[in-house]
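One file, structure12.pdb, carrying PDB, N, CA and C atoms:
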ATOM      1  N   MET G   1     -16.413   4.309 -29.491
ATOM      2  CA  MET G   1     -16.550   4.044 -30.913
ATOM      3  C   MET G   1     -16.024   2.645 -31.258
ATOM      4  N   ASP G   2     -14.903   2.281 -30.654
ATOM      5  CA  ASP G   2     -14.319   0.978 -30.953
ATOM      6  C   ASP G   2     -15.227  -0.166 -30.524
ATOM      7  N   THR G   3     -15.924  -0.001 -29.410
ATOM      8  CA  THR G   3     -16.792  -1.085 -28.957
ATOM      9  C   THR G   3     -17.971  -1.273 -29.899
ATOM     10  N   ALA G   4     -18.468  -0.197 -30.491
ATOM     11  CA  ALA G   4     -19.574  -0.327 -31.445
ATOM     12  C   ALA G   4     -19.115  -1.042 -32.708
ATOM     13  N   VAL G   5     -17.919  -0.741 -33.154
ATOM     14  CA  VAL G   5     -17.381  -1.388 -34.353
ATOM     15  C   VAL G   5     -17.117  -2.865 -34.074
ATOM     16  N   VAL G   6     -16.557  -3.147 -32.916
ATOM     17  CA  VAL G   6     -16.291  -4.543 -32.549
ATOM     18  C   VAL G   6     -17.596  -5.316 -32.432
ATOM     19  N   LEU G   7     -18.608  -4.699 -31.840
ATOM     20  CA  LEU G   7     -19.912  -5.351 -31.717
ATOM     21  C   LEU G   7     -20.524  -5.615 -33.092
ATOM     22  N   LEU G   8     -20.421  -4.672 -34.000
ATOM     23  CA  LEU G   8     -20.940  -4.851 -35.351
ATOM     24  C   LEU G   8     -20.207  -5.969 -36.082
ATOM     25  N   ILE G   9     -18.907  -5.983 -35.993
ATOM     26  CA  ILE G   9     -18.112  -7.010 -36.664
ATOM     27  C   ILE G   9     -18.404  -8.381 -36.061
ATOM     28  N   THR G  10     -18.507  -8.453 -34.751
ATOM     29  CA  THR G  10     -18.811  -9.715 -34.079
ATOM     30  C   THR G  10     -20.183 -10.229 -34.479
ATOM     31  N   THR G  11     -21.151  -9.330 -34.568
ATOM     32  CA  THR G  11     -22.502  -9.718 -34.970
ATOM     33  C   THR G  11     -22.517 -10.229 -36.405
ATOM     34  N   LEU G  12     -21.830  -9.547 -37.291
ATOM     35  CA  LEU G  12     -21.750  -9.999 -38.686
ATOM     36  C   LEU G  12     -21.060 -11.351 -38.793
ATOM     37  N   ALA G  13     -19.989 -11.545 -38.041
ATOM     38  CA  ALA G  13     -19.275 -12.817 -38.073
ATOM     39  C   ALA G  13     -20.156 -13.948 -37.550
ATOM     40  N   GLN G  14     -20.905 -13.679 -36.491
ATOM     41  CA  GLN G  14     -21.811 -14.697 -35.944
ATOM     42  C   GLN G  14     -22.920 -15.026 -36.932
ATOM     43  N   PHE G  15     -23.462 -14.002 -37.597
ATOM     44  CA  PHE G  15     -24.486 -14.224 -38.610
ATOM     45  C   PHE G  15     -23.955 -15.092 -39.744
ATOM     46  N   LEU G  16     -22.738 -14.817 -40.191
ATOM     47  CA  LEU G  16     -22.158 -15.605 -41.280
ATOM     48  C   LEU G  16     -21.924 -17.049 -40.866
ATOM     49  N   GLN G  17     -21.569 -17.278 -39.616
ATOM     50  CA  GLN G  17     -21.401 -18.649 -39.137
ATOM     51  C   GLN G  17     -22.729 -19.389 -39.111
ATOM     52  N   ILE G  18     -23.765 -18.732 -38.638
ATOM     53  CA  ILE G  18     -25.095 -19.357 -38.610
ATOM     54  C   ILE G  18     -25.578 -19.625 -40.030
ATOM     55  N   TYR G  19     -25.345 -18.674 -40.927
ATOM     56  CA  TYR G  19     -25.777 -18.845 -42.315
ATOM     57  C   TYR G  19     -25.004 -19.981 -42.990
ATOM     58  N   SER G  20     -23.739 -20.135 -42.644
ATOM     59  CA  SER G  20     -22.955 -21.245 -43.188
ATOM     60  C   SER G  20     -23.529 -22.586 -42.736
ATOM     61  N   VAL G  21     -23.942 -22.671 -41.488
ATOM     62  CA  VAL G  21     -24.554 -23.902 -40.984
ATOM     63  C   VAL G  21     -25.869 -24.174 -41.730
ATOM     64  N   LEU G  22     -26.656 -23.129 -41.957
ATOM     65  CA  LEU G  22     -27.899 -23.298 -42.709
ATOM     66  C   LEU G  22     -27.628 -23.785 -44.128
ATOM     67  N   LEU G  23     -26.588 -23.255 -44.753
ATOM     68  CA  LEU G  23     -26.222 -23.717 -46.099
ATOM     69  C   LEU G  23     -25.811 -25.181 -46.091
ATOM     70  N   ILE G  24     -25.046 -25.582 -45.110
ATOM     71  CA  ILE G  24     -24.605 -26.976 -45.033
ATOM     72  C   ILE G  24     -25.797 -27.903 -44.812
ATOM     73  N   ILE G  25     -26.726 -27.487 -43.950
ATOM     74  CA  ILE G  25     -27.936 -28.289 -43.741
ATOM     75  C   ILE G  25     -28.715 -28.392 -45.041
ATOM     76  N   ARG G  26     -28.830 -27.281 -45.755
ATOM     77  CA  ARG G  26     -29.556 -27.270 -47.044
ATOM     78  C   ARG G  26     -28.896 -28.217 -48.039
ATOM     79  N   ILE G  27     -27.598 -28.198 -48.094
ATOM     80  CA  ILE G  27     -26.866 -29.060 -49.028
ATOM     81  C   ILE G  27     -27.034 -30.527 -48.643
ATOM     82  N   LEU G  28     -26.943 -30.825 -47.367
ATOM     83  CA  LEU G  28     -27.102 -32.209 -46.927
ATOM     84  C   LEU G  28     -28.514 -32.724 -47.197
ATOM     85  N   LEU G  29     -29.503 -31.871 -47.046
ATOM     86  CA  LEU G  29     -30.885 -32.295 -47.286
ATOM     87  C   LEU G  29     -31.169 -32.555 -48.762
ATOM     88  N   THR G  30     -30.375 -31.997 -49.650
ATOM     89  CA  THR G  30     -30.588 -32.271 -51.075
ATOM     90  C   THR G  30     -30.217 -33.703 -51.438
ATOM     91  N   TRP G  31     -29.507 -34.381 -50.564
ATOM     92  CA  TRP G  31     -29.152 -35.778 -50.817
ATOM     93  C   TRP G  31     -30.336 -36.714 -50.609
ATOM     94  N   PHE G  32     -31.373 -36.222 -49.951
ATOM     95  CA  PHE G  32     -32.556 -37.031 -49.682
ATOM     96  C   PHE G  32     -33.669 -36.627 -50.641
ATOM     97  N   PRO G  33     -33.982 -37.477 -51.606
ATOM     98  CA  PRO G  33     -34.964 -37.088 -52.629
ATOM     99  C   PRO G  33     -36.398 -36.994 -52.110
ATOM    100  N   ASN G  34     -36.684 -37.564 -50.950
ATOM    101  CA  ASN G  34     -38.047 -37.532 -50.445
ATOM    102  C   ASN G  34     -38.357 -36.284 -49.624
ATOM    103  N   VAL G  35     -37.428 -35.337 -49.526
ATOM    104  CA  VAL G  35     -37.679 -34.091 -48.799
ATOM    105  C   VAL G  35     -38.609 -33.224 -49.634
ATOM    106  N   ASN G  36     -39.715 -32.836 -49.041
ATOM    107  CA  ASN G  36     -40.672 -31.964 -49.707
ATOM    108  C   ASN G  36     -40.330 -30.520 -49.350
ATOM    109  N   TRP G  37     -39.820 -29.769 -50.313
ATOM    110  CA  TRP G  37     -39.365 -28.406 -50.064
ATOM    111  C   TRP G  37     -40.521 -27.427 -49.873
ATOM    112  N   TYR G  38     -41.753 -27.919 -49.937
ATOM    113  CA  TYR G  38     -42.922 -27.072 -49.704
ATOM    114  C   TYR G  38     -43.470 -27.222 -48.291
ATOM    115  N   ASP G  39     -42.945 -28.156 -47.513
ATOM    116  CA  ASP G  39     -43.322 -28.289 -46.106
ATOM    117  C   ASP G  39     -42.651 -27.168 -45.306
ATOM    118  N   PRO G  40     -43.306 -26.701 -44.243
ATOM    119  CA  PRO G  40     -42.816 -25.518 -43.519
ATOM    120  C   PRO G  40     -41.355 -25.518 -43.077
ATOM    121  N   PRO G  41     -40.802 -26.524 -42.417
ATOM    122  CA  PRO G  41     -39.406 -26.325 -42.008
ATOM    123  C   PRO G  41     -38.449 -26.272 -43.190
ATOM    124  N   PHE G  42     -38.748 -27.030 -44.225
ATOM    125  CA  PHE G  42     -37.859 -27.061 -45.381
ATOM    126  C   PHE G  42     -38.060 -25.850 -46.282
ATOM    127  N   SER G  43     -39.291 -25.364 -46.372
ATOM    128  CA  SER G  43     -39.540 -24.199 -47.216
ATOM    129  C   SER G  43     -38.884 -22.953 -46.637
ATOM    130  N   ILE G  44     -38.863 -22.853 -45.312
ATOM    131  CA  ILE G  44     -38.190 -21.715 -44.684
ATOM    132  C   ILE G  44     -36.691 -21.773 -44.966
ATOM    133  N   LEU G  45     -36.115 -22.950 -44.860
ATOM    134  CA  LEU G  45     -34.695 -23.118 -45.147
ATOM    135  C   LEU G  45     -34.394 -22.775 -46.598
ATOM    136  N   ALA G  46     -35.241 -23.218 -47.497
ATOM    137  CA  ALA G  46     -35.043 -22.905 -48.916
ATOM    138  C   ALA G  46     -35.176 -21.407 -49.186
ATOM    139  N   GLN G  47     -36.140 -20.764 -48.539
ATOM    140  CA  GLN G  47     -36.318 -19.319 -48.733
ATOM    141  C   GLN G  47     -35.139 -18.523 -48.198
ATOM    142  N   LEU G  48     -34.491 -19.032 -47.170
ATOM    143  CA  LEU G  48     -33.343 -18.333 -46.602
ATOM    144  C   LEU G  48     -32.066 -18.534 -47.417
ATOM    145  N   THR G  49     -31.890 -19.718 -47.974
ATOM    146  CA  THR G  49     -30.612 -20.035 -48.613
ATOM    147  C   THR G  49     -30.619 -19.925 -50.139
ATOM    148  N   ASP G  50     -31.767 -20.134 -50.768
ATOM    149  CA  ASP G  50     -31.799 -20.136 -52.230
ATOM    150  C   ASP G  50     -31.407 -18.811 -52.883
ATOM    151  N   PRO G  51     -31.797 -17.650 -52.353
ATOM    152  CA  PRO G  51     -31.352 -16.412 -53.018
ATOM    153  C   PRO G  51     -29.835 -16.288 -53.098
ATOM    154  N   TYR G  52     -29.146 -16.665 -52.033
ATOM    155  CA  TYR G  52     -27.683 -16.611 -52.052
ATOM    156  C   TYR G  52     -27.108 -17.665 -52.998
ATOM    157  N   LEU G  53     -27.649 -18.871 -52.953
ATOM    158  CA  LEU G  53     -27.145 -19.929 -53.832
ATOM    159  C   LEU G  53     -27.452 -19.644 -55.301
ATOM    160  N   ASN G  54     -28.573 -18.988 -55.573
ATOM    161  CA  ASN G  54     -28.931 -18.687 -56.965
ATOM    162  C   ASN G  54     -27.952 -17.726 -57.618
ATOM    163  N   ILE G  55     -27.298 -16.900 -56.820
ATOM    164  CA  ILE G  55     -26.257 -16.021 -57.377
ATOM    165  C   ILE G  55     -25.168 -16.862 -58.028
ATOM    166  N   PHE G  56     -24.750 -17.917 -57.354
ATOM    167  CA  PHE G  56     -23.675 -18.769 -57.869
ATOM    168  C   PHE G  56     -24.186 -19.738 -58.924
ATOM    169  N   ARG G  57     -25.441 -20.146 -58.809
ATOM    170  CA  ARG G  57     -26.020 -21.039 -59.813
ATOM    171  C   ARG G  57     -26.178 -20.342 -61.155
ATOM    172  N   SER G  58     -26.254 -19.021 -61.140
ATOM    173  CA  SER G  58     -26.445 -18.297 -62.398
ATOM    174  C   SER G  58     -25.198 -18.349 -63.289
ATOM    175  N   PHE G  59     -24.017 -18.490 -62.702
ATOM    176  CA  PHE G  59     -22.822 -18.567 -63.553
ATOM    177  C   PHE G  59     -22.042 -19.866 -63.396
ATOM    178  N   ILE G  60     -22.515 -20.798 -62.568
ATOM    179  CA  ILE G  60     -21.919 -22.139 -62.493
ATOM    180  C   ILE G  60     -23.042 -23.141 -62.741
ATOM    181  N   PRO G  61     -23.205 -23.584 -63.968
ATOM    182  CA  PRO G  61     -24.296 -24.529 -64.242
ATOM    183  C   PRO G  61     -23.976 -25.910 -63.659
ATOM    184  N   PRO G  62     -24.993 -26.707 -63.392
ATOM    185  CA  PRO G  62     -24.740 -28.077 -62.915
ATOM    186  C   PRO G  62     -23.985 -28.883 -63.967
ATOM    187  N   LEU G  63     -23.002 -29.609 -63.517
ATOM    188  CA  LEU G  63     -22.183 -30.423 -64.416
ATOM    189  C   LEU G  63     -22.444 -31.892 -64.111
ATOM    190  N   GLY G  64     -22.985 -32.602 -65.052
ATOM    191  CA  GLY G  64     -23.261 -34.020 -64.865
ATOM    192  C   GLY G  64     -24.273 -34.287 -63.768
ATOM    193  N   GLY G  65     -25.210 -33.390 -63.589
ATOM    194  CA  GLY G  65     -26.214 -33.556 -62.559
ATOM    195  C   GLY G  65     -25.762 -33.130 -61.170
ATOM    196  N   MET G  66     -24.540 -32.649 -61.052
ATOM    197  CA  MET G  66     -23.999 -32.207 -59.758
ATOM    198  C   MET G  66     -23.966 -30.682 -59.730
ATOM    199  N   ASP G  67     -24.447 -30.119 -58.635
ATOM    200  CA  ASP G  67     -24.449 -28.671 -58.448
ATOM    201  C   ASP G  67     -23.246 -28.283 -57.600
ATOM    202  N   PHE G  68     -22.265 -27.640 -58.220
ATOM    203  CA  PHE G  68     -21.045 -27.258 -57.526
ATOM    204  C   PHE G  68     -21.089 -25.829 -56.989
ATOM    205  N   SER G  69     -22.178 -25.132 -57.223
ATOM    206  CA  SER G  69     -22.279 -23.745 -56.767
ATOM    207  C   SER G  69     -22.245 -23.607 -55.243
ATOM    208  N   PRO G  70     -22.789 -24.544 -54.451
ATOM    209  CA  PRO G  70     -22.688 -24.382 -52.994
ATOM    210  C   PRO G  70     -21.251 -24.398 -52.474
ATOM    211  N   ILE G  71     -20.365 -25.075 -53.171
ATOM    212  CA  ILE G  71     -18.967 -25.102 -52.740
ATOM    213  C   ILE G  71     -18.388 -23.695 -52.807
ATOM    214  N   LEU G  72     -18.622 -23.018 -53.927
ATOM    215  CA  LEU G  72     -18.132 -21.649 -54.079
ATOM    216  C   LEU G  72     -18.824 -20.713 -53.101
ATOM    217  N   ALA G  73     -20.107 -20.937 -52.861
ATOM    218  CA  ALA G  73     -20.856 -20.096 -51.921
ATOM    219  C   ALA G  73     -20.296 -20.218 -50.507
ATOM    220  N   ILE G  74     -19.996 -21.419 -50.082
ATOM    221  CA  ILE G  74     -19.445 -21.624 -48.737
ATOM    222  C   ILE G  74     -18.022 -21.077 -48.655
ATOM    223  N   LEU G  75     -17.236 -21.256 -49.711
ATOM    224  CA  LEU G  75     -15.878 -20.703 -49.710
ATOM    225  C   LEU G  75     -15.896 -19.184 -49.589
ATOM    226  N   LEU G  76     -16.820 -18.536 -50.278
ATOM    227  CA  LEU G  76     -16.910 -17.082 -50.189
ATOM    228  C   LEU G  76     -17.339 -16.655 -48.783
ATOM    229  N   LEU G  77     -18.279 -17.365 -48.193
ATOM    230  CA  LEU G  77     -18.676 -17.038 -46.817
ATOM    231  C   LEU G  77     -17.519 -17.211 -45.846
ATOM    232  N   ASN G  78     -16.744 -18.266 -46.027
ATOM    233  CA  ASN G  78     -15.581 -18.478 -45.157
ATOM    234  C   ASN G  78     -14.536 -17.391 -45.348
ATOM    235  N   LEU G  79     -14.347 -16.941 -46.576
ATOM    236  CA  LEU G  79     -13.398 -15.865 -46.851
ATOM    237  C   LEU G  79     -13.847 -14.574 -46.169
ATOM    238  N   VAL G  80     -15.116 -14.244 -46.292
ATOM    239  CA  VAL G  80     -15.625 -13.029 -45.655
ATOM    240  C   VAL G  80     -15.548 -13.149 -44.136
ATOM    241  N   SER G  81     -15.822 -14.327 -43.600
ATOM    242  CA  SER G  81     -15.702 -14.540 -42.145
ATOM    243  C   SER G  81     -14.263 -14.356 -41.687
ATOM    244  N   SER G  82     -13.324 -14.847 -42.459
ATOM    245  CA  SER G  82     -11.907 -14.677 -42.110
ATOM    246  C   SER G  82     -11.496 -13.213 -42.163
ATOM    247  N   LEU G  83     -11.991 -12.506 -43.176
ATOM    248  CA  LEU G  83     -11.687 -11.075 -43.265
ATOM    249  C   LEU G  83     -12.276 -10.306 -42.087
ATOM    250  N   LEU G  84     -13.480 -10.661 -41.681
ATOM    251  CA  LEU G  84     -14.087 -10.013 -40.521
ATOM    252  C   LEU G  84     -13.310 -10.313 -39.247
ATOM    253  N   ALA G  85     -12.831 -11.537 -39.116
ATOM    254  CA  ALA G  85     -12.053 -11.897 -37.925
ATOM    255  C   ALA G  85     -10.739 -11.108 -37.865
ATOM    256  N   SER G  86     -10.086 -10.977 -39.003
ATOM    257  CA  SER G  86      -8.829 -10.200 -39.015
ATOM    258  C   SER G  86      -9.102  -8.713 -38.793
ATOM    259  N   LEU G  87     -10.224  -8.212 -39.301
ATOM    260  CA  LEU G  87     -10.598  -6.822 -39.076
ATOM    261  C   LEU G  87     -10.917  -6.603 -37.600
ATOM    262  N   GLN G  88     -11.552  -7.561 -36.991
ATOM    263  CA  GLN G  88     -11.873  -7.453 -35.574
ATOM    264  C   GLN G  88     -10.604  -7.413 -34.734
ATOM    265  N   ARG G  89      -9.642  -8.259 -35.065
ATOM    266  CA  ARG G  89      -8.384  -8.251 -34.336
ATOM    267  C   ARG G  89      -7.651  -6.924 -34.535
ATOM    268  N   ALA G  90      -7.723  -6.338 -35.727
ATOM    269  CA  ALA G  90      -7.062  -5.066 -35.999
ATOM    270  C   ALA G  90      -7.706  -3.932 -35.223
ATOM    271  N   VAL G  91      -9.020  -3.983 -35.064
ATOM    272  CA  VAL G  91      -9.715  -2.913 -34.342
ATOM    273  C   VAL G  91      -9.448  -3.020 -32.843
ATOM    274  N   VAL G  92      -9.378  -4.234 -32.331
ATOM    275  CA  VAL G  92      -9.168  -4.424 -30.890
ATOM    276  C   VAL G  92      -7.769  -3.973 -30.492
ATOM    277  N   PHE G  93      -6.771  -4.275 -31.309
ATOM    278  CA  PHE G  93      -5.385  -3.924 -30.948
ATOM    279  C   PHE G  93      -5.024  -2.593 -31.438
TER     280      PHE G  93
END

As structure tokens, what does this structure read like?
Amino acid sequence: MDTAVVLLITTLAQFLQIYSVLLIIRILLTWFPNVNWYDPPFSILAQLTDPYLNIFRSFIPPLGGMDFSPILAILLLNLVSSLLASLQRAVVF
């Protein structure tokens, strides 16, 4: 039973790390105004990350043309990743 729980927690933690990298790539690409978000590699990235970012955009409006919602989104992902890591250590020991 413990190995299944550890495997599940490890998989979730790995997914959150990959998703965090995707969010960072998405944020960095917004600095380039010539990126066409309708082209296949960029549209896939937008489809993967925008639903999560829109949650934070709904209650943190852009201030002065700057979108601060990705900062909160990444902080929440890091918090959940840290909680999963501590839960994994608790299950192993």

Region 43-59 of chain G environment, 7 Å, only N, CA and C atoms, sequence neighbours closer than 2 positions dropped, as a short mmCIF file (atom, residue, chain, number, x, y, z; two decimals) with N, CA and C atoms, in the frame of the given file:
data_model
loop_
_atom_site.label_atom_id
_atom_site.label_comp_id
_atom_site.auth_asym_id
_atom_site.auth_seq_id
_atom_site.Cartn_x
_atom_site.Cartn_y
_atom_site.Cartn_z
N LEU G 22 -26.66 -23.13 -41.96
CA LEU G 22 -27.90 -23.30 -42.71
C LEU G 22 -27.63 -23.78 -44.13
N LEU G 23 -26.59 -23.26 -44.75
CA LEU G 23 -26.22 -23.72 -46.10
C LEU G 23 -25.81 -25.18 -46.09
N ARG G 26 -28.83 -27.28 -45.76
CA ARG G 26 -29.56 -27.27 -47.04
C ARG G 26 -28.90 -28.22 -48.04
N ASN G 36 -39.72 -32.84 -49.04
CA ASN G 36 -40.67 -31.96 -49.71
C ASN G 36 -40.33 -30.52 -49.35
N TRP G 37 -39.82 -29.77 -50.31
CA TRP G 37 -39.36 -28.41 -50.06
C TRP G 37 -40.52 -27.43 -49.87
N TYR G 38 -41.75 -27.92 -49.94
CA TYR G 38 -42.92 -27.07 -49.70
C TYR G 38 -43.47 -27.22 -48.29
N ASP G 39 -42.94 -28.16 -47.51
CA ASP G 39 -43.32 -28.29 -46.11
C ASP G 39 -42.65 -27.17 -45.31
N PRO G 40 -43.31 -26.70 -44.24
CA PRO G 40 -42.82 -25.52 -43.52
C PRO G 40 -41.36 -25.52 -43.08
N PRO G 41 -40.80 -26.52 -42.42
CA PRO G 41 -39.41 -26.32 -42.01
C PRO G 41 -38.45 -26.27 -43.19
N PRO G 61 -23.20 -23.58 -63.97
CA PRO G 61 -24.30 -24.53 -64.24
C PRO G 61 -23.98 -25.91 -63.66
N PRO G 62 -24.99 -26.71 -63.39
CA PRO G 62 -24.74 -28.08 -62.92
C PRO G 62 -23.98 -28.88 -63.97
N SER G 69 -22.18 -25.13 -57.22
CA SER G 69 -22.28 -23.74 -56.77
C SER G 69 -22.24 -23.61 -55.24
N PRO G 70 -22.79 -24.54 -54.45
CA PRO G 70 -22.69 -24.38 -52.99
C PRO G 70 -21.25 -24.40 -52.47
N ALA G 73 -20.11 -20.94 -52.86
CA ALA G 73 -20.86 -20.10 -51.92
C ALA G 73 -20.30 -20.22 -50.51
#

Quote the spacing between atom N of Leu83 (chain G) and atom N of Asp2 (chain G) in Å to one decimal place.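 Rounded to one decimal, the two atoms are 19.6 Å apart.
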
As a check of understanding, name the residues that the PyMOL selection byres (((chain G and resi 13 and name CA) around 9) and name CA) selects in the supplied structure, as a PyMOL selection string. chain G and resi 8-12+14-18+80-82+84-85

Expressed in Å to a single decimal, how great is the separation between CA of Gln88 (chain G) and CA of Ile27 (chain G)?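 It comes out at 29.5 Å.
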
Kindly give the distance, in Å, that separates CA of Phe68 (chain G) and CA of Ser86 (chain G), rounded to a single decimal. 28.0 Å

Residue list (alpha helix (DSSP H), DSSP) for region 11-54 of chain G, as JSON, numbers by chain: {"G": [11, 12, 13, 14, 15, 16, 17, 18, 19, 20, 21, 22, 23, 24, 25, 26, 27, 28, 29, 40, 41, 42, 43, 44, 45, 46, 47, 48, 49, 50, 51, 52, 53, 54]}

Where is the centre and how long are the edges: axis-aligned box on region 31-48 of chain G, 8 Å on each side, Å to one decimal, as JSON:
{"center_x": -36.3, "center_y": -27.9, "center_z": -47.3, "size_x": 30.3, "size_y": 35.2, "size_z": 26.6}
